[in-house]
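Novice: If it helps, the file is called query-v5.cif and holds mmCIF, C-alpha atoms:
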```cif
data_coords
loop_
_atom_site.group_PDB
_atom_site.id
_atom_site.type_symbol
_atom_site.label_atom_id
_atom_site.label_comp_id
_atom_site.auth_asym_id
_atom_site.auth_seq_id
_atom_site.Cartn_x
_atom_site.Cartn_y
_atom_site.Cartn_z
ATOM 1 C CA MET A 1 9.137 -16.600 10.030
ATOM 2 C CA SER A 2 11.962 -14.120 9.769
ATOM 3 C CA ILE A 3 11.969 -10.812 11.553
ATOM 4 C CA ASN A 4 13.566 -7.858 9.792
ATOM 5 C CA LEU A 5 15.207 -5.777 12.451
ATOM 6 C CA PRO A 6 15.916 -2.121 11.655
ATOM 7 C CA ARG A 7 19.479 -1.515 10.613
ATOM 8 C CA ARG A 8 21.655 0.546 12.873
ATOM 9 C CA PRO A 9 22.718 3.836 11.274
ATOM 10 C CA SER A 10 26.205 3.696 9.804
ATOM 11 C CA LEU A 11 28.457 6.687 10.463
ATOM 12 C CA LEU A 12 29.890 6.201 6.977
ATOM 13 C CA ARG A 13 26.530 6.326 5.231
ATOM 14 C CA ALA A 14 25.257 9.886 5.388
ATOM 15 C CA ALA A 15 21.764 8.915 4.235
ATOM 16 C CA SER A 16 21.258 6.760 7.326
ATOM 17 C CA LEU A 17 22.112 9.495 9.818
ATOM 18 C CA PRO A 18 19.722 12.050 11.361
ATOM 19 C CA ARG A 19 19.949 15.561 9.955
ATOM 20 C CA LEU A 20 20.603 16.963 13.437
ATOM 21 C CA TYR A 21 23.611 14.675 13.848
ATOM 22 C CA LEU A 22 24.984 15.714 10.455
ATOM 23 C CA LEU A 23 24.470 19.386 11.254
ATOM 24 C CA CYS A 24 26.308 19.066 14.571
ATOM 25 C CA GLU A 25 29.111 17.115 12.876
ATOM 26 C CA CYS A 26 29.416 19.770 10.169
ATOM 27 C CA LEU A 27 29.584 22.609 12.697
ATOM 28 C CA LEU A 28 32.181 20.740 14.748
ATOM 29 C CA VAL A 29 34.438 19.772 11.851
ATOM 30 C CA PHE A 30 34.097 22.810 9.587
ATOM 31 C CA ALA A 31 33.549 25.614 12.112
ATOM 32 C CA ALA A 32 34.605 24.773 15.677
ATOM 33 C CA PHE A 33 37.744 22.870 14.676
ATOM 34 C CA PRO A 34 39.263 25.536 12.369
ATOM 35 C CA ILE A 35 38.398 28.282 14.852
ATOM 36 C CA GLY A 36 40.130 26.246 17.544
ATOM 37 C CA LEU A 37 43.243 25.940 15.365
ATOM 38 C CA VAL A 38 43.766 29.681 15.717
ATOM 39 C CA THR A 39 44.882 29.100 19.322
ATOM 40 C CA ILE A 40 47.658 26.718 18.212
ATOM 41 C CA ALA A 41 48.390 28.298 14.832
ATOM 42 C CA ARG A 42 52.169 28.470 15.218
ATOM 43 C CA SER A 43 52.414 24.828 16.266
ATOM 44 C CA PHE A 44 50.010 23.633 13.578
ATOM 45 C CA ALA A 45 51.398 25.603 10.609
ATOM 46 C CA PRO A 46 54.424 23.340 9.887
ATOM 47 C CA TRP A 47 52.087 20.345 9.605
ATOM 48 C CA LEU A 48 49.544 21.898 7.249
ATOM 49 C CA ILE A 49 50.352 19.906 4.102
ATOM 50 C CA GLU A 50 50.620 16.616 5.982
ATOM 51 C CA THR A 51 47.279 17.339 7.650
ATOM 52 C CA LEU A 52 45.640 18.123 4.303
ATOM 53 C CA VAL A 53 46.944 14.939 2.675
ATOM 54 C CA VAL A 54 45.908 12.689 5.571
ATOM 55 C CA THR A 55 42.491 14.357 5.834
ATOM 56 C CA GLY A 56 42.017 14.079 2.078
ATOM 57 C CA ILE A 57 42.800 10.354 2.218
ATOM 58 C CA ALA A 58 40.358 9.938 5.109
ATOM 59 C CA CYS A 59 37.648 11.719 3.099
ATOM 60 C CA ILE A 60 38.256 9.487 0.075
ATOM 61 C CA ALA A 61 38.023 6.421 2.293
ATOM 62 C CA ALA A 62 34.787 7.655 3.870
ATOM 63 C CA LEU A 63 33.294 8.405 0.452
ATOM 64 C CA LEU A 64 34.289 5.061 -1.042
ATOM 65 C CA LEU A 65 32.810 3.231 1.935
ATOM 66 C CA ASP A 66 29.499 5.044 1.524
ATOM 67 C CA PRO A 67 27.427 2.949 -0.904
ATOM 68 C CA ASP A 68 25.413 6.025 -1.934
ATOM 69 C CA PHE A 69 28.445 7.946 -3.195
ATOM 70 C CA ASP A 70 28.890 8.220 -6.965
ATOM 71 C CA ARG A 71 32.586 7.508 -7.446
ATOM 72 C CA ARG A 72 32.637 9.262 -10.811
ATOM 73 C CA ARG A 73 32.607 12.553 -8.913
ATOM 74 C CA LEU A 74 36.222 12.002 -7.841
ATOM 75 C CA TRP A 75 37.244 12.603 -11.471
ATOM 76 C CA ASN A 76 34.355 12.997 -13.929
ATOM 77 C CA ALA A 77 36.561 14.212 -16.762
ATOM 78 C CA ASP A 78 33.591 14.142 -19.166
ATOM 79 C CA CYS A 79 32.466 17.478 -17.722
ATOM 80 C CA LEU A 80 35.900 19.065 -18.057
ATOM 81 C CA VAL A 81 35.751 20.491 -21.580
ATOM 82 C CA PRO A 82 32.189 21.922 -21.382
ATOM 83 C CA GLY A 83 32.963 23.691 -18.096
ATOM 84 C CA LEU A 84 36.497 24.804 -18.862
ATOM 85 C CA ARG A 85 35.429 27.867 -20.869
ATOM 86 C CA ARG A 86 33.478 29.283 -17.916
ATOM 87 C CA VAL A 87 36.358 28.534 -15.521
ATOM 88 C CA LEU A 88 38.911 30.270 -17.759
ATOM 89 C CA LEU A 89 36.739 33.320 -18.469
ATOM 90 C CA LEU A 90 36.027 33.913 -14.775
ATOM 91 C CA PHE A 91 39.680 33.371 -13.930
ATOM 92 C CA LEU A 92 40.976 35.810 -16.555
ATOM 93 C CA ALA A 93 38.498 38.500 -15.512
ATOM 94 C CA GLY A 94 39.178 38.039 -11.796
ATOM 95 C CA ALA A 95 42.942 37.799 -12.249
ATOM 96 C CA ALA A 96 42.967 41.121 -14.100
ATOM 97 C CA VAL A 97 41.136 42.800 -11.201
ATOM 98 C CA VAL A 98 43.446 41.265 -8.582
ATOM 99 C CA THR A 99 46.535 42.284 -10.575
ATOM 100 C CA VAL A 100 45.366 45.892 -10.689
ATOM 101 C CA LEU A 101 44.658 45.870 -6.943
ATOM 102 C CA VAL A 102 48.108 44.451 -6.136
ATOM 103 C CA LEU A 103 49.835 47.022 -8.362
ATOM 104 C CA TRP A 104 47.808 49.758 -6.674
ATOM 105 C CA GLN A 105 48.105 48.681 -3.039
ATOM 106 C CA ARG A 106 51.267 46.551 -2.857
ATOM 107 C CA PRO A 107 53.451 47.122 -5.936
ATOM 108 C CA ASP A 108 56.438 45.890 -3.912
ATOM 109 C CA LEU A 109 54.924 42.386 -3.857
ATOM 110 C CA PHE A 110 54.073 42.163 -7.550
ATOM 111 C CA LEU A 111 55.888 39.139 -9.070
ATOM 112 C CA ALA A 112 58.368 39.227 -6.181
ATOM 113 C CA PHE A 113 58.162 35.477 -5.605
ATOM 114 C CA PRO A 114 59.016 34.284 -9.157
ATOM 115 C CA ARG A 115 61.668 36.991 -9.535
ATOM 116 C CA GLN A 116 63.439 36.485 -6.215
ATOM 117 C CA ARG A 117 62.997 32.736 -5.616
ATOM 118 C CA THR A 118 62.449 31.258 -9.049
ATOM 119 C CA THR A 119 63.274 27.636 -8.184
ATOM 120 C CA LEU A 120 60.967 27.571 -5.167
ATOM 121 C CA TRP A 121 58.248 29.301 -7.213
ATOM 122 C CA LEU A 122 58.449 26.590 -9.890
ATOM 123 C CA PHE A 123 58.273 23.940 -7.162
ATOM 124 C CA VAL A 124 55.121 25.547 -5.764
ATOM 125 C CA MET A 125 53.535 25.837 -9.210
ATOM 126 C CA VAL A 126 53.882 22.079 -9.736
ATOM 127 C CA PHE A 127 53.343 20.585 -6.295
ATOM 128 C CA TYR A 128 50.856 22.997 -4.718
ATOM 129 C CA PRO A 129 47.982 21.720 -6.931
ATOM 130 C CA LEU A 130 48.846 18.092 -6.130
ATOM 131 C CA PHE A 131 49.413 18.184 -2.385
ATOM 132 C CA SER A 132 47.310 21.155 -1.320
ATOM 133 C CA VAL A 133 44.599 21.920 -3.869
ATOM 134 C CA TYR A 134 43.321 18.424 -4.618
ATOM 135 C CA PRO A 135 43.036 17.417 -0.931
ATOM 136 C CA GLN A 136 41.203 20.681 -0.214
ATOM 137 C CA GLU A 137 38.742 20.047 -3.030
ATOM 138 C CA LEU A 138 38.128 16.528 -1.760
ATOM 139 C CA ILE A 139 37.429 17.846 1.733
ATOM 140 C CA PHE A 140 35.535 21.075 1.109
ATOM 141 C CA ARG A 141 33.710 20.192 -2.081
ATOM 142 C CA THR A 142 33.357 16.465 -2.817
ATOM 143 C CA PHE A 143 33.071 15.243 0.771
ATOM 144 C CA PHE A 144 31.136 18.297 1.985
ATOM 145 C CA PHE A 145 28.571 18.203 -0.823
ATOM 146 C CA HIS A 146 27.931 14.478 -0.436
ATOM 147 C CA ARG A 147 27.995 14.277 3.344
ATOM 148 C CA TYR A 148 25.839 17.316 4.084
ATOM 149 C CA SER A 149 23.455 17.467 1.138
ATOM 150 C CA ARG A 150 20.586 16.511 3.468
ATOM 151 C CA VAL A 151 21.488 19.361 5.842
ATOM 152 C CA PHE A 152 21.828 22.047 3.176
ATOM 153 C CA ARG A 153 19.128 21.002 0.746
ATOM 154 C CA SER A 154 19.997 23.194 -2.239
ATOM 155 C CA ASP A 155 23.151 23.861 -4.200
ATOM 156 C CA THR A 156 23.006 27.498 -3.123
ATOM 157 C CA ALA A 157 23.007 26.516 0.555
ATOM 158 C CA LEU A 158 25.767 23.943 0.000
ATOM 159 C CA ILE A 159 27.902 26.471 -1.877
ATOM 160 C CA THR A 160 27.458 29.072 0.870
ATOM 161 C CA ALA A 161 28.179 26.653 3.718
ATOM 162 C CA SER A 162 31.175 25.171 1.926
ATOM 163 C CA ALA A 163 32.613 28.626 1.241
ATOM 164 C CA ILE A 164 32.184 29.734 4.866
ATOM 165 C CA GLY A 165 33.900 26.572 6.101
ATOM 166 C CA PHE A 166 36.697 27.128 3.580
ATOM 167 C CA GLY A 167 37.162 30.690 4.788
ATOM 168 C CA LEU A 168 37.233 29.626 8.445
ATOM 169 C CA ALA A 169 39.896 27.052 7.618
ATOM 170 C CA HIS A 170 42.220 29.939 6.691
ATOM 171 C CA LEU A 171 41.785 31.900 9.920
ATOM 172 C CA PHE A 172 44.928 30.429 11.439
ATOM 173 C CA PHE A 173 47.100 32.350 8.962
ATOM 174 C CA GLY A 174 46.504 35.326 11.234
ATOM 175 C CA ASN A 175 45.584 37.964 8.647
ATOM 176 C CA TRP A 176 42.237 39.160 7.332
ATOM 177 C CA LEU A 177 43.053 38.689 3.645
ATOM 178 C CA ALA A 178 43.450 34.896 3.714
ATOM 179 C CA PRO A 179 39.969 34.054 5.091
ATOM 180 C CA VAL A 180 38.237 36.766 3.035
ATOM 181 C CA MET A 181 39.834 35.717 -0.243
ATOM 182 C CA SER A 182 39.320 32.057 0.627
ATOM 183 C CA THR A 183 35.615 32.614 1.244
ATOM 184 C CA ILE A 184 35.267 34.334 -2.125
ATOM 185 C CA GLY A 185 37.324 31.600 -3.756
ATOM 186 C CA GLY A 186 35.251 29.004 -1.927
ATOM 187 C CA ILE A 187 32.096 30.358 -3.546
ATOM 188 C CA LEU A 188 33.761 30.140 -6.949
ATOM 189 C CA PHE A 189 35.171 26.623 -6.491
ATOM 190 C CA ALA A 190 31.980 25.283 -4.903
ATOM 191 C CA SER A 191 29.961 26.757 -7.776
ATOM 192 C CA THR A 192 32.245 24.975 -10.225
ATOM 193 C CA TYR A 193 31.755 21.713 -8.356
ATOM 194 C CA ALA A 194 27.985 22.213 -8.144
ATOM 195 C CA ARG A 195 27.833 22.657 -11.918
ATOM 196 C CA SER A 196 30.141 19.787 -12.837
ATOM 197 C CA ARG A 197 30.039 17.391 -9.867
ATOM 198 C CA SER A 198 33.705 16.897 -10.756
ATOM 199 C CA THR A 199 36.533 17.112 -8.231
ATOM 200 C CA LEU A 200 38.932 17.413 -11.155
ATOM 201 C CA GLN A 201 37.238 20.507 -12.543
ATOM 202 C CA SER A 202 36.993 22.303 -9.197
ATOM 203 C CA ALA A 203 40.645 21.383 -8.532
ATOM 204 C CA ILE A 204 41.702 22.904 -11.868
ATOM 205 C CA ASP A 205 39.763 26.055 -11.005
ATOM 206 C CA HIS A 206 41.376 26.186 -7.557
ATOM 207 C CA SER A 207 44.856 25.473 -8.993
ATOM 208 C CA LEU A 208 44.616 28.331 -11.469
ATOM 209 C CA TRP A 209 43.761 30.774 -8.709
ATOM 210 C CA GLY A 210 46.226 29.352 -6.198
ATOM 211 C CA ASP A 211 49.193 29.448 -8.556
ATOM 212 C CA PHE A 212 48.173 32.922 -9.676
ATOM 213 C CA ILE A 213 47.925 34.234 -6.098
ATOM 214 C CA PHE A 214 51.418 32.953 -5.316
ATOM 215 C CA THR A 215 52.761 34.405 -8.557
ATOM 216 C CA VAL A 216 51.165 37.850 -8.397
ATOM 217 C CA GLY A 217 52.492 38.537 -4.908
ATOM 218 C CA LEU A 218 49.794 37.580 -2.416
ATOM 219 C CA GLY A 219 51.226 34.180 -1.543
ATOM 220 C CA TRP A 220 52.731 35.502 1.691
ATOM 221 C CA TYR A 221 49.252 35.772 3.167
ATOM 222 C CA PHE A 222 48.732 32.031 2.505
ATOM 223 C CA TYR A 223 52.234 30.915 3.486
ATOM 224 C CA THR A 224 52.599 28.869 6.668
ATOM 225 C CA GLY A 225 55.915 30.558 7.383
ATOM 226 C CA SER A 226 54.056 33.844 7.827
ATOM 227 C CA VAL A 227 51.995 32.510 10.751
ATOM 228 C CA GLY A 228 52.985 34.409 13.862
ATOM 229 C CA ALA A 229 55.492 36.520 11.904
#
```
What is this file in structure tokens?

Specialist:
Amino acid sequence: MSINLPRRPSLLRAASLPRLYLLCECLLVFAAFPIGLVTIARSFAPWLIETLVVTGIACIAALLLDPDFDRRRLWNADCLVPGLRRVLLLFLAGAAVVTVLVLWQRPDLFLAFPRQRTTLWLFVMVFYPLFSVYPQELIFRTFFFHRYSRVFRSDTALITASAIGFGLAHLFFGNWLAPVMSTIGGILFASTYARSRSTLQSAIDHSLWGDFIFTVGLGWYFYTGSVGA
């Protein structure tokens, strides 16, 4: 006669972990940790991209090792075309509002980056989506939605929690605009992910806004060189 012993919970399988554990983990990783980074912002800033890439790789590994994770969510290009119209319409409307606000409040910044440092601007336009945006979407959308879906039991709660964590992650820049805009952007990107369950689509959404922010003149508020300046 065989005895089936209960399996020990696996830290890599979210479904096997108690909700209280997952909640505490979420608060530690997505709230306490970014708030703590504020105290070492100047030392951490030069390592931001490396940290994002390594953390993104760790999140992919954790997701792939979780047997309950649907790997199609890492790409899911089938949802791209149906959702692209909504992404573009919201972007065009929001970009028009932001452009007006920049011209009104900070006309000196408008298009300063592409005009004054064209080569670096082109570099950012190409490599920012690859080495910053996609890792962020893996961490704050794909990983967050899968790992903590049992903690935040609706898409609305997941979107809100993800956006707050995304905003907190930008506190170390040391200005109010970065976390506020990131929280608003987090709601938008998380909503895109919730609709499509596609990291690719939320990354395209994020890339459009990120490249636009750097182009229109607000990139300084998201630039690691501005930390402590």

Novice: Pick the closest to Ala93 of chain A from A:Ile187, A:Trp209, A:Leu74, A:Val126: which is it, counting only C-alpha atoms?

Specialist: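 Smallest distance to Ala93 of chain A is found for A:Trp209.
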
Novice: Mind telling me what the PyMOL selection byres ((chain A and resi 217) around 12) catches here, as number ranges by chain?

Specialist: A: 98-103, 105-116, 121, 210-216, 218-223

Novice: If the PyMOL selection byres ((chain A and resi 144) around 10) is run on the structure shown, which residues does it catch, given as an mmCIF file with C-alpha atoms, in the frame of the given file?

Specialist:
```
data_model
loop_
_atom_site.group_PDB
_atom_site.id
_atom_site.type_symbol
_atom_site.label_atom_id
_atom_site.label_comp_id
_atom_site.auth_asym_id
_atom_site.auth_seq_id
_atom_site.Cartn_x
_atom_site.Cartn_y
_atom_site.Cartn_z
ATOM 1 C CA CYS A 26 29.416 19.770 10.169
ATOM 2 C CA PHE A 30 34.097 22.810 9.587
ATOM 3 C CA CYS A 59 37.648 11.719 3.099
ATOM 4 C CA GLU A 137 38.742 20.047 -3.030
ATOM 5 C CA LEU A 138 38.128 16.528 -1.760
ATOM 6 C CA ILE A 139 37.429 17.846 1.733
ATOM 7 C CA PHE A 140 35.535 21.075 1.109
ATOM 8 C CA ARG A 141 33.710 20.192 -2.081
ATOM 9 C CA THR A 142 33.357 16.465 -2.817
ATOM 10 C CA PHE A 143 33.071 15.243 0.771
ATOM 11 C CA PHE A 145 28.571 18.203 -0.823
ATOM 12 C CA HIS A 146 27.931 14.478 -0.436
ATOM 13 C CA ARG A 147 27.995 14.277 3.344
ATOM 14 C CA TYR A 148 25.839 17.316 4.084
ATOM 15 C CA SER A 149 23.455 17.467 1.138
ATOM 16 C CA LEU A 158 25.767 23.943 0.000
ATOM 17 C CA ILE A 159 27.902 26.471 -1.877
ATOM 18 C CA ALA A 161 28.179 26.653 3.718
ATOM 19 C CA SER A 162 31.175 25.171 1.926
ATOM 20 C CA GLY A 165 33.900 26.572 6.101
ATOM 21 C CA ALA A 190 31.980 25.283 -4.903
#
```

Novice: Hey, what comes out of the PyMOL selection byres ((chain A and resi 86-90) around 12) on this file? Could you write it as a VMD selection string?

Specialist: chain A and resid 79 to 85 91 to 97 185 188 to 193 195 to 196 201 to 209

Novice: Find the spatial neighbours of Ile35 of chain A, counting only C-alpha atoms, within a cut-off of 12 Å - ignore same-chain residues fewer than 3 positions away - and output them as number ranges by chain.

Specialist: A: 27-32, 38-41, 164-174, 179

Novice: What is the atom CA of Arg42 of chain A-atom CA of Thr224 of chain A distance in Å, reported with one decimal?

Specialist: 8.6 Å

Novice: Provide an axis-aligned box for all listed atoms of segment 29-40 of chain A, padding each side by 5 Å; report its centre and its edge lengths in Å to one decimal, as JSON.

Specialist:
```
{"center_x": 40.6, "center_y": 24.7, "center_z": 14.5, "size_x": 24.1, "size_y": 19.9, "size_z": 19.7}
```

Novice: May I ask for the distance between atom CA of Arg19 of chain A and atom CA of Phe152 of chain A, given in Å to one decimal place?

Specialist: 9.6 Å

Novice: Which is closest to Asp155 of chain A among A:Asn76, A:Leu23, A:Pro67, A:Ala194, if we use all atoms listed in the file?

Specialist: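 Closest to Asp155 of chain A of all the choices is A:Ala194.
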
Novice: Between atom CA of Ser16 of chain A and atom CA of Pro34 of chain A, what is the distance in Å, rounded to a tenth?

Specialist: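 Between atom CA of Ser16 of chain A and atom CA of Pro34 of chain A the gap is 26.5 Å.
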
Novice: Kindly indicate which residue among A:Leu63, A:Leu200, A:Leu20, A:Ala77 lies nearest to Tyr134 of chain A, using all atoms listed in the file for the distances.

Specialist: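 Going through A:Leu63, A:Leu200, A:Leu20, A:Ala77 one by one, the smallest distance to Tyr134 of chain A is for A:Leu200.
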
Novice: N, CA and C atoms for segment 28-60 of chain A, written as a compact mmCIF listing (two decimals), keeping the file's coordinate frame, could you do that?

Specialist:
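Dumped everything to part26.txt:
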```
# COMPACT_ATOMS: atom_id res chain seq x y z
N LEU A 28 30.99 21.11 13.98
CA LEU A 28 32.18 20.74 14.75
C LEU A 28 33.42 20.69 13.86
N VAL A 29 33.28 20.01 12.72
CA VAL A 29 34.44 19.77 11.85
C VAL A 29 34.82 21.00 11.04
N PHE A 30 33.81 21.73 10.52
CA PHE A 30 34.10 22.81 9.59
C PHE A 30 33.97 24.21 10.19
N ALA A 31 33.62 24.30 11.46
CA ALA A 31 33.55 25.61 12.11
C ALA A 31 34.35 25.61 13.42
N ALA A 32 33.94 24.77 14.37
CA ALA A 32 34.60 24.77 15.68
C ALA A 32 36.08 24.38 15.57
N PHE A 33 36.36 23.34 14.79
CA PHE A 33 37.74 22.87 14.68
C PHE A 33 38.68 23.92 14.08
N PRO A 34 38.35 24.52 12.92
CA PRO A 34 39.26 25.54 12.37
C PRO A 34 39.39 26.77 13.25
N ILE A 35 38.30 27.15 13.93
CA ILE A 35 38.40 28.28 14.85
C ILE A 35 39.34 27.93 16.01
N GLY A 36 39.25 26.69 16.48
CA GLY A 36 40.13 26.25 17.54
C GLY A 36 41.59 26.22 17.13
N LEU A 37 41.86 25.97 15.85
CA LEU A 37 43.24 25.94 15.36
C LEU A 37 43.95 27.29 15.53
N VAL A 38 43.17 28.35 15.57
CA VAL A 38 43.77 29.68 15.72
C VAL A 38 44.61 29.75 16.99
N THR A 39 44.18 29.04 18.03
CA THR A 39 44.88 29.10 19.32
C THR A 39 46.21 28.36 19.29
N ILE A 40 46.40 27.45 18.32
CA ILE A 40 47.66 26.72 18.21
C ILE A 40 48.26 26.90 16.82
N ALA A 41 48.01 28.06 16.23
CA ALA A 41 48.39 28.30 14.83
C ALA A 41 49.88 28.07 14.58
N ARG A 42 50.72 28.57 15.45
CA ARG A 42 52.17 28.47 15.22
C ARG A 42 52.65 27.03 15.29
N SER A 43 52.03 26.23 16.16
CA SER A 43 52.41 24.83 16.27
C SER A 43 51.85 24.00 15.11
N PHE A 44 50.68 24.40 14.63
CA PHE A 44 50.01 23.63 13.58
C PHE A 44 50.58 23.93 12.19
N ALA A 45 51.00 25.16 11.94
CA ALA A 45 51.40 25.60 10.61
C ALA A 45 52.40 24.68 9.91
N PRO A 46 53.46 24.19 10.59
CA PRO A 46 54.42 23.34 9.89
C PRO A 46 53.85 22.01 9.42
N TRP A 47 52.68 21.63 9.94
CA TRP A 47 52.09 20.34 9.60
C TRP A 47 50.88 20.49 8.68
N LEU A 48 50.73 21.64 8.06
CA LEU A 48 49.54 21.90 7.25
C LEU A 48 49.40 20.92 6.09
N ILE A 49 50.44 20.77 5.28
CA ILE A 49 50.35 19.91 4.10
C ILE A 49 50.11 18.46 4.50
N GLU A 50 50.83 17.99 5.52
CA GLU A 50 50.62 16.62 5.98
C GLU A 50 49.18 16.41 6.46
N THR A 51 48.66 17.42 7.16
CA THR A 51 47.28 17.34 7.65
C THR A 51 46.29 17.29 6.50
N LEU A 52 46.53 18.11 5.47
CA LEU A 52 45.64 18.12 4.30
C LEU A 52 45.65 16.78 3.58
N VAL A 53 46.84 16.21 3.39
CA VAL A 53 46.94 14.94 2.68
C VAL A 53 46.25 13.82 3.45
N VAL A 54 46.51 13.74 4.75
CA VAL A 54 45.91 12.69 5.57
C VAL A 54 44.39 12.86 5.62
N THR A 55 43.93 14.11 5.78
CA THR A 55 42.49 14.36 5.83
C THR A 55 41.84 14.05 4.49
N GLY A 56 42.53 14.39 3.40
CA GLY A 56 42.02 14.08 2.08
C GLY A 56 41.87 12.59 1.87
N ILE A 57 42.87 11.81 2.33
CA ILE A 57 42.80 10.35 2.22
C ILE A 57 41.64 9.82 3.05
N ALA A 58 41.47 10.37 4.25
CA ALA A 58 40.36 9.94 5.11
C ALA A 58 39.01 10.22 4.45
N CYS A 59 38.90 11.37 3.77
CA CYS A 59 37.65 11.72 3.10
C CYS A 59 37.38 10.78 1.93
N ILE A 60 38.43 10.44 1.17
CA ILE A 60 38.26 9.49 0.08
C ILE A 60 37.78 8.15 0.62
```
